[in-house]
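Trainee: This is the structure I have questions about; it appears just below.
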Protein chains: 2
Amino acid sequence: MAEGEIRHNSPVPVYIQLADLLAEQINAGEIQPDYPIPSEAWLQQRYGVARNTARRAVDLLRERGLVCTIGGRGTFVKGKG
Amino acid sequence: MAEGEIRHNSPVPVYIQLADLLAEQINAGEIQPDYPIPSEAWLQQRYGVARNTARRAVDLLRERGLVCTIGGRGTFVKGKG
DNA sequence: GTACATTTGTTCGTATGTATA
DNA sequence: GTATACATACGAACAAATGTA
């Protein structure tokens with residue numbers, strides 16, 4: 001259970017930990033292309049972070065080209081095409 | 001407690017003010033058991049708050065066991081039983 | 001059966017304030 | 001002063017359930 005958790009007392013910012021964690025799940029194929037990643041509210045609850053922090057993590061995923069976000073809908077794993 | 005209005009510049013969060021205000025109305029019998037409390041849209045207009053804020057207030061009432069919500073129908077004051 | 005309006009449910013977008021390191 | 005992080009709050013859009021005409 002220690003895996004896949006956020007350490008609030010880490011020198012690594014929480015939003016970066018969370019982004020890395022989600023990126024791993026995507027790269028491991030745990031979330032398929034064109035499928036949504038968990039919502040901001042869900043991440044907030046699951047990982048015990050503020051919504052802003054969850055958003056920043058997703059921002060990073062988007063900057064890395066792993067996902068794309070549609071307002072009011074969700075954030076989806078990018079396909080190869 | 002004043003006037004059944006919301007103070008946006010209060011240190012008390014708006015959603016808590018609104019929840020308390022509605023709870024008072026319920027406890028005062030202004031809304032009878034099994035009858036609906038005002039809809040989210042109505043609260044939004046009446047008190048000049050965002051819908052999400054109105055929803056958070058109703059969430060509190062539900063957590064306090066004062067009401068129960070039925071999707072697509074409304075939120076109803078709980079009876080004694 | 002269909003169309004519409006109402007109400008709650010969900011999700012992202014943006015901004016502000018507070019606190020801390 | 002900057003970056004991180006939490007909480008609050010308003011806005012917008014879409015979806016689902018319900019009830020009615």
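Residues are referred to by chain and number: the chain letter is A, B, ... according to the order shown in the structure tokens, the number counts from 1 in that chain, and ligands are numbered separately from 1 in the order shown.
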Here's a check: after a least-squares fit over all in-order C-alpha atoms, write chain A in the frame of chain B, as an mmCIF file with C-alpha atoms, in the first residue's frame.

Mentor:
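Below is the file selection-v6.cif, written as the result:
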```cif
data_model
loop_
_atom_site.group_PDB
_atom_site.id
_atom_site.type_symbol
_atom_site.label_atom_id
_atom_site.label_comp_id
_atom_site.auth_asym_id
_atom_site.auth_seq_id
_atom_site.Cartn_x
_atom_site.Cartn_y
_atom_site.Cartn_z
ATOM 1 C CA MET A 1 -33.838 41.356 7.132
ATOM 2 C CA ALA A 2 -30.284 40.937 8.343
ATOM 3 C CA GLU A 3 -31.429 37.594 9.659
ATOM 4 C CA GLY A 4 -31.557 34.821 7.180
ATOM 5 C CA GLU A 5 -28.938 36.378 4.973
ATOM 6 C CA ILE A 6 -25.505 35.317 3.833
ATOM 7 C CA ARG A 7 -22.428 37.337 4.621
ATOM 8 C CA HIS A 8 -19.892 36.865 1.889
ATOM 9 C CA ASN A 9 -17.207 38.596 3.874
ATOM 10 C CA SER A 10 -17.604 36.407 6.914
ATOM 11 C CA PRO A 11 -14.845 34.085 8.109
ATOM 12 C CA VAL A 12 -17.516 31.377 8.178
ATOM 13 C CA PRO A 13 -17.740 29.744 4.737
ATOM 14 C CA VAL A 14 -20.848 30.613 2.788
ATOM 15 C CA TYR A 15 -21.905 26.996 2.400
ATOM 16 C CA ILE A 16 -21.796 26.514 6.159
ATOM 17 C CA GLN A 17 -23.776 29.684 6.790
ATOM 18 C CA LEU A 18 -26.383 28.494 4.331
ATOM 19 C CA ALA A 19 -26.528 24.994 5.786
ATOM 20 C CA ASP A 20 -27.017 26.404 9.271
ATOM 21 C CA LEU A 21 -29.669 28.750 8.012
ATOM 22 C CA LEU A 22 -31.614 25.945 6.354
ATOM 23 C CA ALA A 23 -31.163 23.702 9.373
ATOM 24 C CA GLU A 24 -32.732 26.389 11.538
ATOM 25 C CA GLN A 25 -35.714 26.621 9.241
ATOM 26 C CA ILE A 26 -36.150 22.859 9.351
ATOM 27 C CA ASN A 27 -35.768 22.639 13.093
ATOM 28 C CA ALA A 28 -38.201 25.497 13.499
ATOM 29 C CA GLY A 29 -40.736 23.487 11.556
ATOM 30 C CA GLU A 30 -40.878 26.025 8.730
ATOM 31 C CA ILE A 31 -40.497 23.113 6.358
ATOM 32 C CA GLN A 32 -42.523 20.061 7.299
ATOM 33 C CA PRO A 33 -41.243 16.482 7.157
ATOM 34 C CA ASP A 34 -41.589 14.872 3.710
ATOM 35 C CA TYR A 35 -41.807 18.297 2.136
ATOM 36 C CA PRO A 36 -39.063 19.599 -0.142
ATOM 37 C CA ILE A 37 -36.571 22.250 0.789
ATOM 38 C CA PRO A 38 -35.986 24.934 -1.860
ATOM 39 C CA SER A 39 -34.269 23.779 -5.034
ATOM 40 C CA GLU A 40 -30.623 24.482 -5.698
ATOM 41 C CA ALA A 41 -31.574 27.034 -8.343
ATOM 42 C CA TRP A 42 -33.878 28.779 -5.895
ATOM 43 C CA LEU A 43 -31.243 28.911 -3.162
ATOM 44 C CA GLN A 44 -28.801 30.204 -5.756
ATOM 45 C CA GLN A 45 -31.048 33.130 -6.580
ATOM 46 C CA ARG A 46 -32.406 33.763 -3.102
ATOM 47 C CA TYR A 47 -29.053 33.895 -1.379
ATOM 48 C CA GLY A 48 -26.870 35.050 -4.238
ATOM 49 C CA VAL A 49 -24.539 32.086 -4.189
ATOM 50 C CA ALA A 50 -23.201 29.749 -6.829
ATOM 51 C CA ARG A 51 -25.026 26.510 -7.441
ATOM 52 C CA ASN A 52 -22.021 24.525 -6.242
ATOM 53 C CA THR A 53 -22.130 26.415 -2.994
ATOM 54 C CA ALA A 54 -25.841 25.744 -2.554
ATOM 55 C CA ARG A 55 -25.172 22.076 -3.234
ATOM 56 C CA ARG A 56 -22.447 21.929 -0.628
ATOM 57 C CA ALA A 57 -24.833 23.373 1.907
ATOM 58 C CA VAL A 58 -27.422 20.720 1.100
ATOM 59 C CA ASP A 59 -24.678 18.091 1.292
ATOM 60 C CA LEU A 60 -24.102 19.151 4.868
ATOM 61 C CA LEU A 61 -27.782 18.852 5.700
ATOM 62 C CA ARG A 62 -27.738 15.352 4.299
ATOM 63 C CA GLU A 63 -24.649 14.449 6.308
ATOM 64 C CA ARG A 64 -26.408 15.747 9.383
ATOM 65 C CA GLY A 65 -29.321 13.449 8.615
ATOM 66 C CA LEU A 66 -31.804 16.289 8.257
ATOM 67 C CA VAL A 67 -32.781 15.666 4.649
ATOM 68 C CA CYS A 68 -32.594 13.124 1.905
ATOM 69 C CA THR A 69 -32.153 13.903 -1.789
ATOM 70 C CA ILE A 70 -33.723 12.234 -4.781
ATOM 71 C CA GLY A 71 -32.047 12.999 -8.093
ATOM 72 C CA GLY A 72 -34.224 14.953 -10.473
ATOM 73 C CA ARG A 73 -36.903 15.385 -7.815
ATOM 74 C CA GLY A 74 -35.680 17.384 -4.915
ATOM 75 C CA THR A 75 -34.396 17.296 -1.353
ATOM 76 C CA PHE A 76 -36.878 16.416 1.351
ATOM 77 C CA VAL A 77 -36.999 16.929 5.073
ATOM 78 C CA LYS A 78 -36.720 13.635 6.862
ATOM 79 C CA GLY A 79 -39.573 12.440 8.986
ATOM 80 C CA LYS A 80 -39.100 11.018 12.466
ATOM 81 C CA GLY A 81 -39.590 7.461 11.225
#
```

Trainee: Enumerate the residues of chain B with a DSSP assignment of strand (DSSP E), computed from the backbone, and present them as a list in words.

Mentor: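 The residues of chain B classed as strand (DSSP E) are Val67, Cys68, Thr69, Ile70, Gly74, Thr75, Phe76 and Val77 of chain B.
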
Trainee: Can you work out which residues from chain C touch chain B at a cut-off of 8 Å (counting only C-alpha atoms (C1' of nucleotides)) and hand them back as a list in words?

Mentor: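 Result: DT6, DT7, DT8 and DG9 of chain C.
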
Trainee: Define the interface residues of chain D facing chain B as those within 12 Å, counting only C-alpha atoms (C1' of nucleotides), and report them as a list in words.

Mentor: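 Listed by rising number, the hits are DA7, DT8, DA9, DC10, DG11, DA12, DA15, DA16, DA17, DT18 and DG19 of chain D.
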
Trainee: Restricted to N, CA, C and O atoms (P, O5', C5', C4', C3', O3' and C1' of nucleotides), what would the selected residues look like written as a PDB file, in the first residue's frame?

Mentor:
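Produced file out12.pdb, reproduced below:
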```
ATOM      1  P    DA D   7      -8.134  21.170   2.793  1.00  0.00           P
ATOM      2  O5'  DA D   7      -8.893  22.566   2.600  1.00  0.00           O
ATOM      3  C5'  DA D   7      -8.847  23.531   3.641  1.00  0.00           C
ATOM      4  C4'  DA D   7      -9.667  24.750   3.240  1.00  0.00           C
ATOM      5  C3'  DA D   7     -11.065  24.430   2.710  1.00  0.00           C
ATOM      6  O3'  DA D   7     -12.025  25.080   3.535  1.00  0.00           O
ATOM      7  C1'  DA D   7      -9.927  25.960   1.263  1.00  0.00           C
ATOM      8  P    DT D   8     -13.560  24.919   3.295  1.00  0.00           P
ATOM      9  O5'  DT D   8     -13.889  26.181   2.363  1.00  0.00           O
ATOM     10  C5'  DT D   8     -13.560  27.478   2.824  1.00  0.00           C
ATOM     11  C4'  DT D   8     -13.765  28.507   1.734  1.00  0.00           C
ATOM     12  C3'  DT D   8     -15.165  28.495   1.105  1.00  0.00           C
ATOM     13  O3'  DT D   8     -15.775  29.748   1.373  1.00  0.00           O
ATOM     14  C1'  DT D   8     -13.446  28.671  -0.549  1.00  0.00           C
ATOM     15  P    DA D   9     -17.342  29.958   1.116  1.00  0.00           P
ATOM     16  O5'  DA D   9     -17.421  30.320  -0.427  1.00  0.00           O
ATOM     17  C5'  DA D   9     -16.900  31.566  -0.859  1.00  0.00           C
ATOM     18  C4'  DA D   9     -16.967  31.644  -2.377  1.00  0.00           C
ATOM     19  C3'  DA D   9     -18.289  31.166  -2.975  1.00  0.00           C
ATOM     20  O3'  DA D   9     -19.003  32.282  -3.456  1.00  0.00           O
ATOM     21  C1'  DA D   9     -16.374  30.463  -4.249  1.00  0.00           C
ATOM     22  P    DC D  10     -20.437  32.186  -4.069  1.00  0.00           P
ATOM     23  O5'  DC D  10     -20.187  32.458  -5.625  1.00  0.00           O
ATOM     24  C5'  DC D  10     -19.478  33.620  -6.003  1.00  0.00           C
ATOM     25  C4'  DC D  10     -19.036  33.500  -7.446  1.00  0.00           C
ATOM     26  C3'  DC D  10     -20.171  33.103  -8.397  1.00  0.00           C
ATOM     27  O3'  DC D  10     -20.248  34.004  -9.490  1.00  0.00           O
ATOM     28  C1'  DC D  10     -18.282  31.704  -8.703  1.00  0.00           C
ATOM     29  P    DG D  11     -21.418  33.866 -10.548  1.00  0.00           P
ATOM     30  O5'  DG D  11     -20.788  33.045 -11.776  1.00  0.00           O
ATOM     31  C5'  DG D  11     -19.446  33.223 -12.128  1.00  0.00           C
ATOM     32  C4'  DG D  11     -19.098  32.391 -13.368  1.00  0.00           C
ATOM     33  C3'  DG D  11     -20.287  31.975 -14.233  1.00  0.00           C
ATOM     34  O3'  DG D  11     -19.995  32.262 -15.591  1.00  0.00           O
ATOM     35  C1'  DG D  11     -18.999  30.070 -13.651  1.00  0.00           C
ATOM     36  P    DA D  12     -21.187  32.160 -16.687  1.00  0.00           P
ATOM     37  O5'  DA D  12     -20.891  30.754 -17.394  1.00  0.00           O
ATOM     38  C5'  DA D  12     -19.569  30.455 -17.813  1.00  0.00           C
ATOM     39  C4'  DA D  12     -19.471  28.998 -18.244  1.00  0.00           C
ATOM     40  C3'  DA D  12     -20.671  28.497 -19.035  1.00  0.00           C
ATOM     41  O3'  DA D  12     -20.252  28.069 -20.315  1.00  0.00           O
ATOM     42  C1'  DA D  12     -20.033  26.951 -17.330  1.00  0.00           C
ATOM     43  P    DA D  15     -23.302  15.175 -22.969  1.00  0.00           P
ATOM     44  O5'  DA D  15     -23.812  14.429 -21.656  1.00  0.00           O
ATOM     45  C5'  DA D  15     -22.870  13.987 -20.690  1.00  0.00           C
ATOM     46  C4'  DA D  15     -23.595  13.383 -19.488  1.00  0.00           C
ATOM     47  C3'  DA D  15     -24.788  12.508 -19.867  1.00  0.00           C
ATOM     48  O3'  DA D  15     -24.660  11.255 -19.220  1.00  0.00           O
ATOM     49  C1'  DA D  15     -25.408  14.125 -18.239  1.00  0.00           C
ATOM     50  P    DA D  16     -25.666  10.082 -19.556  1.00  0.00           P
ATOM     51  O5'  DA D  16     -26.652  10.107 -18.298  1.00  0.00           O
ATOM     52  C5'  DA D  16     -26.092  10.011 -16.997  1.00  0.00           C
ATOM     53  C4'  DA D  16     -27.193  10.089 -15.957  1.00  0.00           C
ATOM     54  C3'  DA D  16     -28.427   9.246 -16.286  1.00  0.00           C
ATOM     55  O3'  DA D  16     -28.862   8.585 -15.105  1.00  0.00           O
ATOM     56  C1'  DA D  16     -29.063  11.489 -15.939  1.00  0.00           C
ATOM     57  P    DA D  17     -30.008   7.484 -15.164  1.00  0.00           P
ATOM     58  O5'  DA D  17     -31.172   8.141 -14.303  1.00  0.00           O
ATOM     59  C5'  DA D  17     -30.863   8.608 -12.991  1.00  0.00           C
ATOM     60  C4'  DA D  17     -32.027   9.436 -12.465  1.00  0.00           C
ATOM     61  C3'  DA D  17     -33.387   8.771 -12.662  1.00  0.00           C
ATOM     62  O3'  DA D  17     -34.078   8.775 -11.420  1.00  0.00           O
ATOM     63  C1'  DA D  17     -33.408  10.990 -13.514  1.00  0.00           C
ATOM     64  P    DT D  18     -35.451   7.973 -11.302  1.00  0.00           P
ATOM     65  O5'  DT D  18     -36.511   9.141 -11.444  1.00  0.00           O
ATOM     66  C5'  DT D  18     -36.351  10.331 -10.666  1.00  0.00           C
ATOM     67  C4'  DT D  18     -37.326  11.376 -11.127  1.00  0.00           C
ATOM     68  C3'  DT D  18     -38.723  10.860 -11.442  1.00  0.00           C
ATOM     69  O3'  DT D  18     -39.617  11.291 -10.436  1.00  0.00           O
ATOM     70  C1'  DT D  18     -37.971  12.491 -13.022  1.00  0.00           C
ATOM     71  P    DG D  19     -41.101  10.783 -10.436  1.00  0.00           P
ATOM     72  O5'  DG D  19     -41.865  11.942 -11.218  1.00  0.00           O
ATOM     73  C5'  DG D  19     -41.636  13.300 -10.838  1.00  0.00           C
ATOM     74  C4'  DG D  19     -42.379  14.234 -11.770  1.00  0.00           C
ATOM     75  C3'  DG D  19     -43.786  13.734 -12.142  1.00  0.00           C
ATOM     76  O3'  DG D  19     -44.720  14.789 -11.941  1.00  0.00           O
ATOM     77  C1'  DG D  19     -42.498  14.214 -14.101  1.00  0.00           C
TER      78       DG D  19
END
```

Trainee: Would you mind reading off the distance between C1' of DC6 in chain D and C1' of DA19 in chain C, one decimal, in Å?

Mentor: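 Between C1' of DC6 in chain D and C1' of DA19 in chain C the gap is 8.3 Å.
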
Trainee: In Å, with one decimal, what is the gap from C1' of DA21 in chain C to C1' of DA5 in chain D?

Mentor: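 Computing the Euclidean distance for C1' of DA21 in chain C and C1' of DA5 in chain D yields 10.8 Å.
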